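Peer 1: Following this line is input-v2.txt, made up of compact mmCIF, C-alpha atoms:
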# COMPACT_ATOMS: atom_id res chain seq x y z
CA MET A 1 -5.56 5.54 -29.00
CA ARG A 2 -2.92 6.40 -26.44
CA ASN A 3 -5.35 8.75 -24.74
CA ASN A 4 -7.90 5.98 -24.61
CA THR A 5 -5.43 3.65 -22.89
CA MET A 6 -4.53 6.42 -20.46
CA HIS A 7 -8.19 6.97 -19.75
CA GLN A 8 -8.65 3.27 -18.96
CA ILE A 9 -5.70 3.34 -16.56
CA VAL A 10 -7.09 6.42 -14.81
CA ASP A 11 -10.54 4.82 -14.50
CA PHE A 12 -8.91 1.79 -12.93
CA ILE A 13 -6.84 3.77 -10.47
CA LEU A 14 -9.82 5.84 -9.37
CA GLU A 15 -11.85 2.65 -8.93
CA LEU A 16 -9.07 1.37 -6.65
CA ASP A 17 -9.68 4.37 -4.42
CA LYS A 18 -12.70 2.46 -3.07
CA LEU A 19 -10.41 -0.05 -1.33
CA LYS A 20 -9.50 2.78 1.07
CA GLY A 21 -13.09 2.58 2.27
CA VAL A 22 -13.16 -1.20 2.83
CA THR A 23 -12.65 -1.70 6.54
CA ARG A 24 -11.19 -4.68 8.32
CA LYS A 25 -11.62 -5.80 11.93
CA THR A 26 -8.23 -4.65 13.20
CA ARG A 27 -7.44 -1.11 14.29
CA PRO A 28 -4.11 0.54 13.46
CA LEU A 29 -2.06 0.82 16.65
CA GLY A 30 -3.06 3.90 18.59
CA LEU A 31 -5.80 4.94 16.17
CA ASP A 32 -9.49 5.06 16.92
CA ARG A 33 -10.71 3.63 13.62
CA TYR A 34 -10.58 0.36 11.74
CA GLU A 35 -7.82 -0.44 9.31
CA ASN A 36 -8.72 -0.45 5.61
CA SER A 37 -7.68 -2.98 3.01
CA ALA A 38 -5.57 -0.51 1.01
CA GLU A 39 -3.21 0.37 3.86
CA HIS A 40 -3.19 -3.29 4.90
CA SER A 41 -2.05 -4.27 1.39
CA TRP A 42 0.80 -1.77 1.62
CA GLN A 43 1.91 -3.07 4.98
CA ILE A 44 1.95 -6.75 4.07
CA ALA A 45 3.95 -6.02 0.92
CA LEU A 46 6.62 -4.57 3.19
CA LEU A 47 6.25 -7.42 5.67
CA ALA A 48 6.91 -9.88 2.86
CA ALA A 49 9.88 -7.84 1.64
CA SER A 50 11.35 -7.82 5.16
CA LEU A 51 10.75 -11.52 5.71
CA ALA A 52 11.86 -12.84 2.33
CA ARG A 53 14.91 -14.66 3.66
CA PHE A 54 12.58 -16.78 5.80
CA ALA A 55 10.26 -17.94 3.02
CA ALA A 56 9.68 -21.70 3.06
CA ALA A 57 11.07 -21.98 -0.46
CA GLU A 58 12.99 -19.64 -2.71
CA VAL A 59 10.57 -17.02 -4.00
CA ASP A 60 10.49 -14.26 -6.58
CA LEU A 61 9.91 -11.51 -4.05
CA ASP A 62 8.75 -9.02 -6.65
CA ARG A 63 5.96 -11.33 -7.73
CA VAL A 64 5.01 -11.76 -4.08
CA ILE A 65 4.84 -7.98 -3.67
CA ARG A 66 2.73 -7.48 -6.79
CA MET A 67 0.43 -10.28 -5.69
CA LEU A 68 -0.09 -8.74 -2.27
CA LEU A 69 -0.79 -5.32 -3.77
CA VAL A 70 -3.69 -6.70 -5.83
CA HIS A 71 -4.95 -9.60 -3.71
CA ASP A 72 -7.69 -7.68 -1.87
CA ILE A 73 -9.05 -5.70 -4.81
CA GLY A 74 -12.13 -7.93 -5.12
CA GLU A 75 -13.23 -6.63 -1.72
CA ILE A 76 -14.17 -3.37 -3.42
CA ASP A 77 -17.43 -5.07 -4.36
CA THR A 78 -17.76 -7.57 -1.51
CA GLY A 79 -16.24 -5.97 1.58
CA ASP A 80 -13.71 -7.69 3.79
CA THR A 81 -14.56 -10.94 5.56
CA MET A 82 -12.69 -11.85 8.69
CA VAL A 83 -10.63 -14.96 8.17
CA TYR A 84 -12.44 -16.53 11.14
CA ALA A 85 -15.84 -16.46 9.45
CA GLU A 86 -17.28 -19.96 9.30
CA GLY A 87 -18.92 -21.12 6.09
CA GLY A 88 -19.90 -19.22 2.97
CA TRP A 89 -16.36 -19.13 1.62
CA PRO A 90 -17.01 -20.56 -1.88
CA GLU A 91 -19.73 -17.94 -2.49
CA ARG A 92 -17.55 -15.14 -1.14
CA LYS A 93 -14.61 -16.22 -3.23
CA ALA A 94 -16.76 -16.41 -6.38
CA ALA A 95 -18.05 -12.89 -5.70
CA GLU A 96 -14.53 -11.58 -5.14
CA ARG A 97 -13.38 -13.20 -8.35
CA ALA A 98 -16.23 -11.57 -10.30
CA ALA A 99 -15.25 -8.25 -8.75
CA ALA A 100 -11.59 -8.71 -9.66
CA LEU A 101 -12.56 -9.53 -13.25
CA ARG A 102 -14.72 -6.41 -13.38
CA ILE A 103 -12.08 -4.11 -11.92
CA PHE A 104 -9.05 -5.43 -13.79
CA GLY A 105 -11.29 -5.43 -16.85
CA LEU A 106 -11.24 -1.62 -16.72
CA LEU A 107 -7.62 -1.78 -17.91
CA PRO A 108 -6.25 -2.48 -21.37
CA GLU A 109 -6.51 -6.23 -21.82
CA SER A 110 -2.82 -7.16 -21.53
CA GLN A 111 -2.40 -5.19 -18.32
CA GLY A 112 -5.66 -6.36 -16.82
CA SER A 113 -4.94 -10.01 -17.49
CA GLU A 114 -1.51 -9.69 -15.87
CA PHE A 115 -3.05 -8.38 -12.64
CA MET A 116 -5.80 -10.98 -12.82
CA ALA A 117 -3.21 -13.76 -13.12
CA LEU A 118 -1.50 -12.46 -9.97
CA TRP A 119 -4.84 -12.27 -8.19
CA GLN A 120 -5.67 -15.83 -9.23
CA GLU A 121 -2.24 -17.13 -8.25
CA PHE A 122 -2.78 -15.75 -4.76
CA GLU A 123 -6.23 -17.31 -4.56
CA ASP A 124 -5.00 -20.69 -5.73
CA GLY A 125 -2.32 -20.56 -3.06
CA GLU A 126 -0.11 -23.18 -4.66
CA THR A 127 3.10 -21.57 -5.86
CA PRO A 128 5.91 -20.80 -3.39
CA GLU A 129 5.17 -17.10 -4.00
CA ALA A 130 1.48 -17.49 -3.21
CA LEU A 131 2.20 -19.57 -0.11
CA PHE A 132 4.61 -16.97 1.19
CA ALA A 133 2.19 -14.16 0.35
CA HIS A 134 -0.55 -15.94 2.32
CA ALA A 135 1.76 -16.25 5.30
CA ALA A 136 2.37 -12.48 5.31
CA ASP A 137 -1.33 -11.74 4.89
CA ARG A 138 -2.36 -14.03 7.74
CA ALA A 139 0.45 -12.99 10.06
CA MET A 140 -0.16 -9.25 9.93
CA PRO A 141 -3.41 -9.10 11.95
CA VAL A 142 -1.84 -11.52 14.44
CA LEU A 143 1.10 -9.15 14.89
CA LEU A 144 -1.27 -6.21 15.31
CA ASN A 145 -3.40 -8.08 17.83
CA LEU A 146 -0.34 -9.11 19.82
CA ALA A 147 0.61 -5.43 19.99
CA ASN A 148 -2.93 -4.23 20.58
CA GLU A 149 -4.15 -6.32 23.53
CA GLY A 150 -5.93 -8.76 21.23
CA GLN A 151 -8.31 -6.02 20.06
CA SER A 152 -9.95 -7.77 17.11
CA TRP A 153 -9.89 -11.19 18.80
CA ARG A 154 -11.67 -9.83 21.83
CA GLU A 155 -14.12 -7.67 19.87
CA ASN A 156 -15.12 -10.65 17.73
CA GLY A 157 -14.96 -13.46 20.27
CA ILE A 158 -12.09 -15.28 18.58
CA SER A 159 -10.43 -17.94 20.75
CA HIS A 160 -6.76 -18.90 20.88
CA GLU A 161 -7.65 -22.31 19.48
CA ARG A 162 -9.42 -20.77 16.50
CA VAL A 163 -6.51 -18.46 15.70
CA VAL A 164 -4.00 -21.29 15.87
CA ARG A 165 -6.16 -23.59 13.78
CA ARG A 166 -6.97 -21.01 11.14
CA VAL A 167 -3.72 -19.08 10.66
CA GLY A 168 -1.16 -21.59 11.94
CA PRO A 169 -1.13 -23.87 8.88
CA PRO A 170 -0.83 -21.12 6.22
CA ILE A 171 1.82 -19.20 8.15
CA ARG A 172 3.82 -22.35 8.78
CA ALA A 173 3.50 -23.43 5.14
CA GLY A 174 4.77 -20.13 3.74
CA CYS A 175 7.12 -18.94 6.43
CA PRO A 176 7.93 -21.58 9.06
CA ALA A 177 10.33 -19.38 11.02
CA LEU A 178 7.59 -16.80 11.46
CA TRP A 179 5.24 -19.42 12.88
CA ALA A 180 7.98 -20.67 15.20
CA TYR A 181 8.29 -17.09 16.42
CA LEU A 182 4.55 -16.52 16.77
CA GLU A 183 3.47 -19.75 18.40
CA PRO A 184 4.95 -19.07 21.87
CA LEU A 185 3.75 -15.47 21.69
CA LEU A 186 0.23 -16.70 21.09
CA ASP A 187 0.51 -19.02 24.09
CA GLU A 188 1.68 -16.10 26.17
CA ALA A 189 -1.20 -13.97 24.87
CA ARG A 190 -3.64 -16.67 25.93
CA SER A 191 -2.30 -16.63 29.45
CA LYS A 192 -2.76 -12.86 29.45
CA GLY A 193 -6.39 -13.20 28.37
CA LEU A 194 -6.03 -11.48 25.00
CA PHE A 195 -8.46 -13.79 23.23
CA GLY A 196 -12.22 -13.86 23.08
CA GLY A 197 -14.57 -16.81 22.82
CA ALA A 198 -14.80 -19.93 24.94
CA MET B 1 19.80 -15.35 16.59
CA ARG B 2 17.00 -16.11 14.18
CA ASN B 3 14.47 -15.04 16.79
CA ASN B 4 16.32 -11.82 17.26
CA THR B 5 16.16 -11.09 13.53
CA MET B 6 12.47 -11.91 13.54
CA HIS B 7 11.98 -9.58 16.46
CA GLN B 8 13.70 -6.75 14.58
CA ILE B 9 11.45 -7.33 11.56
CA VAL B 10 8.35 -7.27 13.73
CA ASP B 11 9.46 -4.08 15.46
CA PHE B 12 9.94 -2.50 12.05
CA ILE B 13 6.55 -3.59 10.72
CA LEU B 14 4.75 -2.33 13.80
CA GLU B 15 6.60 0.97 13.54
CA LEU B 16 5.31 1.24 9.96
CA ASP B 17 1.79 1.10 11.33
CA LYS B 18 2.23 4.77 12.21
CA LEU B 19 2.18 5.73 8.53
CA LYS B 20 -1.53 4.86 8.57
CA GLY B 21 -1.96 7.84 10.86
CA VAL B 22 -0.06 10.36 8.70
CA THR B 23 -2.68 12.32 6.84
CA ARG B 24 -2.37 14.09 3.53
CA LYS B 25 -4.46 16.93 2.10
CA THR B 26 -6.53 14.87 -0.33
CA ARG B 27 -9.64 12.95 0.62
CA PRO B 28 -10.37 9.50 -0.82
CA LEU B 29 -13.24 9.77 -3.29
CA GLY B 30 -16.55 9.68 -1.49
CA LEU B 31 -15.02 9.49 2.01
CA ASP B 32 -15.27 12.11 4.68
CA ARG B 33 -11.70 11.89 5.92
CA TYR B 34 -8.22 12.66 4.68
CA GLU B 35 -6.12 10.12 2.88
CA ASN B 36 -3.15 8.66 4.75
CA SER B 37 0.34 8.06 3.42
CA ALA B 38 0.13 4.26 3.76
CA GLU B 39 -2.88 3.84 1.49
CA HIS B 40 -1.44 6.49 -0.85
CA SER B 41 1.78 4.44 -1.14
CA TRP B 42 -0.24 1.37 -2.08
CA GLN B 43 -2.18 3.26 -4.72
CA ILE B 44 0.79 4.84 -6.45
CA ALA B 45 2.59 1.49 -6.60
CA LEU B 46 -0.37 0.23 -8.63
CA LEU B 47 -0.50 3.44 -10.67
CA ALA B 48 3.14 2.92 -11.61
CA ALA B 49 2.51 -0.74 -12.44
CA SER B 50 -0.39 0.24 -14.69
CA LEU B 51 1.52 3.04 -16.40
CA ALA B 52 4.85 1.27 -16.89
CA ARG B 53 4.63 1.16 -20.68
CA PHE B 54 4.51 4.97 -20.68
CA ALA B 55 7.63 5.56 -18.62
CA ALA B 56 9.98 8.09 -20.20
CA ALA B 57 12.76 5.49 -20.32
CA GLU B 58 12.85 1.75 -19.84
CA VAL B 59 12.51 1.06 -16.13
CA ASP B 60 12.82 -1.87 -13.76
CA LEU B 61 9.21 -1.73 -12.63
CA ASP B 62 9.81 -3.84 -9.54
CA ARG B 63 12.38 -1.37 -8.28
CA VAL B 64 9.91 1.43 -8.93
CA ILE B 65 7.27 -0.41 -6.90
CA ARG B 66 9.62 -1.06 -3.98
CA MET B 67 10.74 2.56 -4.05
CA LEU B 68 7.17 3.82 -3.91
CA LEU B 69 6.31 1.50 -1.04
CA VAL B 70 9.09 2.96 1.12
CA HIS B 71 9.34 6.54 -0.12
CA ASP B 72 7.03 8.13 2.46
CA ILE B 73 8.23 6.26 5.52
CA GLY B 74 10.18 9.26 6.81
CA GLU B 75 6.85 11.02 7.28
CA ILE B 76 6.26 8.84 10.32
CA ASP B 77 8.40 11.33 12.23
CA THR B 78 7.76 14.49 10.24
CA GLY B 79 4.20 14.28 8.92
CA ASP B 80 3.26 14.91 5.31
CA THR B 81 3.96 18.25 3.67
CA MET B 82 1.89 19.32 0.71
CA VAL B 83 4.01 19.55 -2.41
CA TYR B 84 2.87 23.16 -2.82
CA ALA B 85 4.49 24.32 0.41
CA GLU B 86 6.93 27.15 -0.31
CA GLY B 87 10.30 27.06 1.37
CA GLY B 88 11.65 24.90 4.15
CA TRP B 89 12.29 21.93 1.89
CA PRO B 90 15.96 21.28 2.76
CA GLU B 91 15.11 21.13 6.50
CA ARG B 92 12.09 18.89 5.86
CA LYS B 93 14.09 16.57 3.66
CA ALA B 94 16.87 16.30 6.25
CA ALA B 95 14.33 15.46 8.94
CA GLU B 96 12.69 12.83 6.72
CA ARG B 97 16.09 11.33 5.99
CA ALA B 98 16.90 11.09 9.69
CA ALA B 99 13.54 9.41 10.23
CA ALA B 100 14.14 6.94 7.42
CA LEU B 101 17.55 6.08 8.89
CA ARG B 102 15.97 5.55 12.30
CA ILE B 103 13.12 3.39 11.01
CA PHE B 104 15.08 1.27 8.54
CA GLY B 105 17.70 0.99 11.27
CA LEU B 106 15.25 -1.14 13.24
CA LEU B 107 15.88 -3.92 10.72
CA PRO B 108 18.87 -6.25 10.39
CA GLU B 109 21.55 -4.18 8.70
CA SER B 110 21.50 -5.78 5.24
CA GLN B 111 17.74 -5.44 4.93
CA GLY B 112 17.64 -1.94 6.36
CA SER B 113 20.32 -0.66 4.06
CA GLU B 114 18.51 -2.10 1.04
CA PHE B 115 15.36 -0.15 1.92
CA MET B 116 17.41 2.93 2.71
CA ALA B 117 19.07 2.77 -0.71
CA LEU B 118 15.63 2.67 -2.35
CA TRP B 119 14.47 5.59 -0.21
CA GLN B 120 17.58 7.58 -1.15
CA GLU B 121 17.25 6.73 -4.83
CA PHE B 122 13.73 8.15 -4.79
CA GLU B 123 14.90 11.28 -3.00
CA ASP B 124 17.78 11.83 -5.41
CA GLY B 125 15.33 11.54 -8.29
CA GLU B 126 17.96 10.82 -10.90
CA THR B 127 17.56 7.25 -12.16
CA PRO B 128 14.86 6.42 -14.72
CA GLU B 129 13.13 4.43 -11.97
CA ALA B 130 13.15 7.36 -9.55
CA LEU B 131 11.94 9.78 -12.21
CA PHE B 132 9.07 7.50 -13.11
CA ALA B 133 8.24 6.93 -9.44
CA HIS B 134 8.11 10.70 -8.90
CA ALA B 135 5.73 11.06 -11.83
CA ALA B 136 3.32 8.54 -10.27
CA ASP B 137 3.60 10.17 -6.86
CA ARG B 138 2.89 13.64 -8.20
CA ALA B 139 0.15 12.58 -10.57
CA MET B 140 -2.00 10.73 -8.03
CA PRO B 141 -3.31 13.75 -6.08
CA VAL B 142 -3.93 15.51 -9.40
CA LEU B 143 -6.06 12.58 -10.56
CA LEU B 144 -7.95 12.58 -7.27
CA ASN B 145 -8.52 16.33 -7.43
CA LEU B 146 -9.76 16.11 -11.00
CA ALA B 147 -12.29 13.50 -9.82
CA ASN B 148 -13.11 15.33 -6.60
CA GLU B 149 -13.98 18.86 -7.73
CA GLY B 150 -10.49 20.12 -6.92
CA GLN B 151 -11.01 19.39 -3.21
CA SER B 152 -7.45 19.83 -1.92
CA TRP B 153 -6.67 22.65 -4.36
CA ARG B 154 -9.69 24.62 -3.22
CA GLU B 155 -9.23 23.85 0.47
CA ASN B 156 -5.61 25.01 0.33
CA GLY B 157 -5.88 27.89 -2.12
CA ILE B 158 -3.72 26.25 -4.80
CA SER B 159 -3.97 27.90 -8.21
CA HIS B 160 -3.86 26.27 -11.64
CA GLU B 161 -0.58 28.02 -12.32
CA ARG B 162 0.98 26.61 -9.15
CA VAL B 163 -0.13 23.06 -9.92
CA VAL B 164 1.22 23.21 -13.46
CA ARG B 165 4.50 24.76 -12.33
CA ARG B 166 5.06 22.34 -9.47
CA VAL B 167 3.89 18.97 -10.80
CA GLY B 168 4.15 19.51 -14.55
CA PRO B 169 7.96 19.15 -14.83
CA PRO B 170 8.28 15.95 -12.73
CA ILE B 171 5.31 14.24 -14.38
CA ARG B 172 6.56 15.16 -17.84
CA ALA B 173 10.08 14.01 -17.00
CA GLY B 174 9.01 10.59 -15.76
CA CYS B 175 5.93 9.90 -17.82
CA PRO B 176 5.44 12.33 -20.71
CA ALA B 177 2.27 10.64 -22.02
CA LEU B 178 0.63 11.09 -18.65
CA TRP B 179 1.40 14.80 -18.67
CA ALA B 180 0.07 15.08 -22.22
CA TYR B 181 -3.13 13.51 -20.93
CA LEU B 182 -3.35 15.68 -17.83
CA GLU B 183 -2.50 19.09 -19.25
CA PRO B 184 -5.78 19.65 -21.16
CA LEU B 185 -7.75 18.24 -18.22
CA LEU B 186 -6.12 20.79 -15.94
CA ASP B 187 -7.06 23.56 -18.39
CA GLU B 188 -10.62 22.32 -18.39
CA ALA B 189 -10.61 22.16 -14.58
CA ARG B 190 -9.51 25.79 -14.48
CA SER B 191 -12.41 26.83 -16.65
CA LYS B 192 -14.72 24.98 -14.25
CA GLY B 193 -13.25 26.84 -11.25
CA LEU B 194 -11.73 23.79 -9.52
CA PHE B 195 -8.66 25.67 -8.32
CA GLY B 196 -8.08 27.95 -5.38
CA GLY B 197 -5.81 30.96 -5.05
CA ALA B 198 -5.58 34.07 -7.16
Starting from the coordinates I provided, produce the structure as C-alpha cells.
Peer 2:
Amino acid sequence: MRNNTMHQIVDFILELDKLKGVTRKTRPLGLDRYENSAEHSWQIALLAASLARFAAAEVDLDRVIRMLLVHDIGEIDTGDTMVYAEGGWPERKAAERAAALRIFGLLPESQGSEFMALWQEFEDGETPEALFAHAADRAMPVLLNLANEGQSWRENGISHERVVRRVGPPIRAGCPALWAYLEPLLDEARSKGLFGGA
Amino acid sequence: MRNNTMHQIVDFILELDKLKGVTRKTRPLGLDRYENSAEHSWQIALLAASLARFAAAEVDLDRVIRMLLVHDIGEIDTGDTMVYAEGGWPERKAAERAAALRIFGLLPESQGSEFMALWQEFEDGETPEALFAHAADRAMPVLLNLANEGQSWRENGISHERVVRRVGPPIRAGCPALWAYLEPLLDEARSKGLFGGA
C-alpha cells in the first residue's frame, strides 16, 4: 500500500520532468536558448517571496509559492502560449485544465486534489494570493525583456501599447508598487526602441 | 525609498537568472541537454510537497519548500558539483556560502537575511525540515537515473556501491519510506548494468 503510494508520487514527479522541455518566448539572460516553464516557475516563486511586502493585500505567501510552483503544469500537454496571443483562450484554458487533472490525477487522491485546488485558485485569479501570484507571473518576462533589449517583444512583434494593456492591469491589481516601478521603465524602453509591432 | 527597495529586488531576481545556466550531470528525460539547477530546484520543491506525509519527523512543509528553492543559489558563482565528488567539500561549501551571502546581500537586509537563514539551515542539515529537504534533493537524480538507464551514473563512472553509500544515509534520515522504496530498485538497476565504475 505504502509502496503503491510511493510509486504514484514517483510517476507524478517523472511526469513533471516534461515541463523542463516546455519552452517560452523569453531567453535567460546571456543564454542562447529559450527559457522553459520549469525554471520560470522556480524564478517567479522567488520573485513573489521577495516582493511579498508589496502585495496589494495581505497574502499567505506560502500558498502563493505553492500556487506558482504548480500553475504551469498543464502546459505539459498544451505547450506555453505567449500572454499576447489574441483569441483562443477559453479553448487553451480548457485544455490546460484537462492536462492538470490528468497529471495531478497521477497522485494519491488527497494530494492530487490539493495541487488541483491551488492550480484552480490561480486560474480563477480572485483571491489575494492568486492576484499576487498573477502579478509575479506577468512581471517576470517584463523584467527579463527590460534587461534583454526587449528580446521577446522584438522577436514577436509586441508593441509597448500591447504590453501595457495586457500586463499592466494584472500587475497593478496584485502588486501596485511593482507596476509603479515598471511603468516608467516601459516608457523608457519604448523610447529606446525595445518593442516590436506598430 | 520604495523604488530603491524595488530596484534591489529586481537586481536580485535578475541575478538569479544565472542559475538557469548552471548545469548538472543529469539530463531531463527525453531531452538532449543537461538539467540546470533552477529547474532542478523547482522539481525537488514539488517532490518534497508530494512526499511530505513520509517525512521522518513532522515538518513545516512550507519551510522545506522555501529552503529547496534557495539551496542551490550559491552555485551561481561556483557551478554545480556532483554529489559523488571525492574531497574538496569544505572549500566548495565555503565558496558557495560566500556566493549566497553576496547574492542574498543584493536584497534589502531583512529579506536577504531571511533567505540566508534558510540557505544556512539547509547546509547545516540538522532540523527535521533540512533533513527532509536533503532527502528530496538527493533522491531526485536517483529517480531520474532509474528512469533514464543510469545516464549520469554511467557517464561519470559511478558504481552502485558509491550511490548507496553516498545518498542512502541522507535519504533514509529524511524520508525512510522513500529509501525503502528505492533500495530494491537500485539493486535491480545494478543487475541491469545501469551503473558505471568498478
Peer 1: With chain B as the partner and 8 Å as the cut-off, tabulate the residues of chain A that qualify, each row holding the nearest pair of atoms and their distance in Å to one decimal, using all atoms listed in the file, sorted by chain and rising number, as a Markdown table.
Peer 2:
| residue | atom | partner | partner_atom | distance |
| --- | --- | --- | --- | --- |
| A:Asn3 | CA | B:Tyr181 | CA | 6.5 |
| A:Met6 | CA | B:Leu178 | CA | 7.2 |
| A:Ile9 | CA | B:Ser50 | CA | 6.4 |
| A:Val10 | CA | B:Leu143 | CA | 7.6 |
| A:Ile13 | CA | B:Leu47 | CA | 6.4 |
| A:Leu14 | CA | B:Leu144 | CA | 7.3 |
| A:Leu16 | CA | B:Gln43 | CA | 7.4 |
| A:Asp17 | CA | B:Pro28 | CA | 6.3 |
| A:Lys18 | CA | B:Leu29 | CA | 7.3 |
| A:Lys20 | CA | B:Glu39 | CA | 6.7 |
| A:Gly21 | CA | B:Leu31 | CA | 7.2 |
| A:Pro28 | CA | B:Asp17 | CA | 6.3 |
| A:Leu29 | CA | B:Asp17 | CA | 6.6 |
| A:Leu31 | CA | B:Gly21 | CA | 7.2 |
| A:Ala38 | CA | B:Glu39 | CA | 5.1 |
| A:Glu39 | CA | B:Glu39 | CA | 4.2 |
| A:His40 | CA | B:Glu39 | CA | 7.9 |
| A:Ser41 | CA | B:Trp42 | CA | 6.9 |
| A:Trp42 | CA | B:Trp42 | CA | 5.0 |
| A:Gln43 | CA | B:Ile13 | CA | 7.4 |
| A:Leu46 | CA | B:Leu69 | CA | 7.4 |
| A:Leu47 | CA | B:Ile13 | CA | 6.3 |
| A:Ser50 | CA | B:Ile9 | CA | 6.4 |
| A:Leu51 | CA | B:Ile9 | CA | 7.2 |
| A:Asp62 | CA | B:Asp62 | CA | 6.0 |
| A:Leu69 | CA | B:Trp42 | CA | 6.9 |
| A:Gln111 | CA | B:Ser50 | CA | 6.8 |
| A:Leu143 | CA | B:Val10 | CA | 7.6 |
| A:Leu144 | CA | B:Leu14 | CA | 7.3 |
| A:Leu178 | CA | B:Met6 | CA | 7.2 |
| A:Tyr181 | CA | B:Asn3 | CA | 6.5 |
Peer 1: Could you jot down the CA of Ala55 (chain A) to CA of Arg172 (chain A) separation for me, Å, one decimal place?
Peer 2: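 Computing it gives 9.7 Å between the two atoms.
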Peer 1: What separation in Å, quoted to one decimal, exists between CA of Leu101 (chain B) and CA of Gly125 (chain B)?
Peer 2: 18.2 Å
Peer 1: So which one's closest to Arg190 (chain B), B:Trp153, B:Trp89, B:Tyr34, B:Trp119? Using all atoms listed in the file, please.
Peer 2: B:Trp153
Peer 1: For Ala48 (chain A), which residue among A:Ala99, A:Val167, A:Val142, A:Met67 is the nearest when counting all atoms listed in the file?
Peer 2: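 Ranked by minimum distance to Ala48 (chain A), first place goes to A:Met67.
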Peer 1: In Å to one decimal, how far is CA of Tyr84 (chain B) from CA of Glu161 (chain B)?
Peer 2: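 These atoms are spaced 11.2 Å apart.
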Peer 1: With N, CA and C atoms as the target, complete region 165-183 of chain B and hand it back as a JSON list (two decimals), in the coordinates of the input.
Peer 2:
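The resulting file, result-v3.json, is reproduced below:
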[["chain", "number", "residue", "atom", "x", "y", "z"],
["B", 165, "ARG", "N", 3.09, 24.46, -12.54],
["B", 165, "ARG", "CA", 4.50, 24.76, -12.33],
["B", 165, "ARG", "C", 5.17, 23.70, -11.45],
["B", 166, "ARG", "N", 4.44, 23.22, -10.46],
["B", 166, "ARG", "CA", 5.06, 22.34, -9.47],
["B", 166, "ARG", "C", 5.04, 20.87, -9.89],
["B", 167, "VAL", "N", 3.94, 20.40, -10.47],
["B", 167, "VAL", "CA", 3.89, 18.97, -10.80],
["B", 167, "VAL", "C", 4.10, 18.70, -12.29],
["B", 168, "GLY", "N", 3.95, 19.72, -13.12],
["B", 168, "GLY", "CA", 4.15, 19.51, -14.55],
["B", 168, "GLY", "C", 5.54, 18.95, -14.88],
["B", 169, "PRO", "N", 6.61, 19.64, -14.46],
["B", 169, "PRO", "CA", 7.96, 19.15, -14.83],
["B", 169, "PRO", "C", 8.24, 17.71, -14.36],
["B", 170, "PRO", "N", 7.98, 17.34, -13.09],
["B", 170, "PRO", "CA", 8.28, 15.95, -12.73],
["B", 170, "PRO", "C", 7.41, 14.92, -13.44],
["B", 171, "ILE", "N", 6.15, 15.23, -13.68],
["B", 171, "ILE", "CA", 5.31, 14.24, -14.38],
["B", 171, "ILE", "C", 5.79, 14.10, -15.82],
["B", 172, "ARG", "N", 6.08, 15.24, -16.45],
["B", 172, "ARG", "CA", 6.56, 15.16, -17.84],
["B", 172, "ARG", "C", 7.89, 14.42, -17.93],
["B", 173, "ALA", "N", 8.76, 14.65, -16.95],
["B", 173, "ALA", "CA", 10.08, 14.01, -17.00],
["B", 173, "ALA", "C", 9.99, 12.49, -16.85],
["B", 174, "GLY", "N", 9.07, 12.02, -16.02],
["B", 174, "GLY", "CA", 9.01, 10.59, -15.76],
["B", 174, "GLY", "C", 8.03, 9.84, -16.64],
["B", 175, "CYS", "N", 7.00, 10.56, -17.08],
["B", 175, "CYS", "CA", 5.93, 9.90, -17.82],
["B", 175, "CYS", "C", 5.25, 10.91, -18.75],
["B", 176, "PRO", "N", 5.93, 11.24, -19.85],
["B", 176, "PRO", "CA", 5.44, 12.33, -20.71],
["B", 176, "PRO", "C", 4.01, 12.11, -21.22],
["B", 177, "ALA", "N", 3.63, 10.88, -21.50],
["B", 177, "ALA", "CA", 2.27, 10.64, -22.02],
["B", 177, "ALA", "C", 1.22, 10.97, -20.97],
["B", 178, "LEU", "N", 1.58, 10.78, -19.71],
["B", 178, "LEU", "CA", 0.63, 11.09, -18.65],
["B", 178, "LEU", "C", 0.45, 12.61, -18.55],
["B", 179, "TRP", "N", 1.54, 13.35, -18.71],
["B", 179, "TRP", "CA", 1.40, 14.80, -18.67],
["B", 179, "TRP", "C", 0.60, 15.31, -19.87],
["B", 180, "ALA", "N", 0.84, 14.70, -21.03],
["B", 180, "ALA", "CA", 0.07, 15.08, -22.22],
["B", 180, "ALA", "C", -1.42, 14.84, -22.01],
["B", 181, "TYR", "N", -1.73, 13.83, -21.24],
["B", 181, "TYR", "CA", -3.13, 13.51, -20.93],
["B", 181, "TYR", "C", -3.69, 14.50, -19.91],
["B", 182, "LEU", "N", -2.85, 14.84, -18.93],
["B", 182, "LEU", "CA", -3.35, 15.68, -17.83],
["B", 182, "LEU", "C", -3.48, 17.16, -18.19],
["B", 183, "GLU", "N", -2.57, 17.64, -19.02],
["B", 183, "GLU", "CA", -2.50, 19.09, -19.25],
["B", 183, "GLU", "C", -3.85, 19.67, -19.72]]
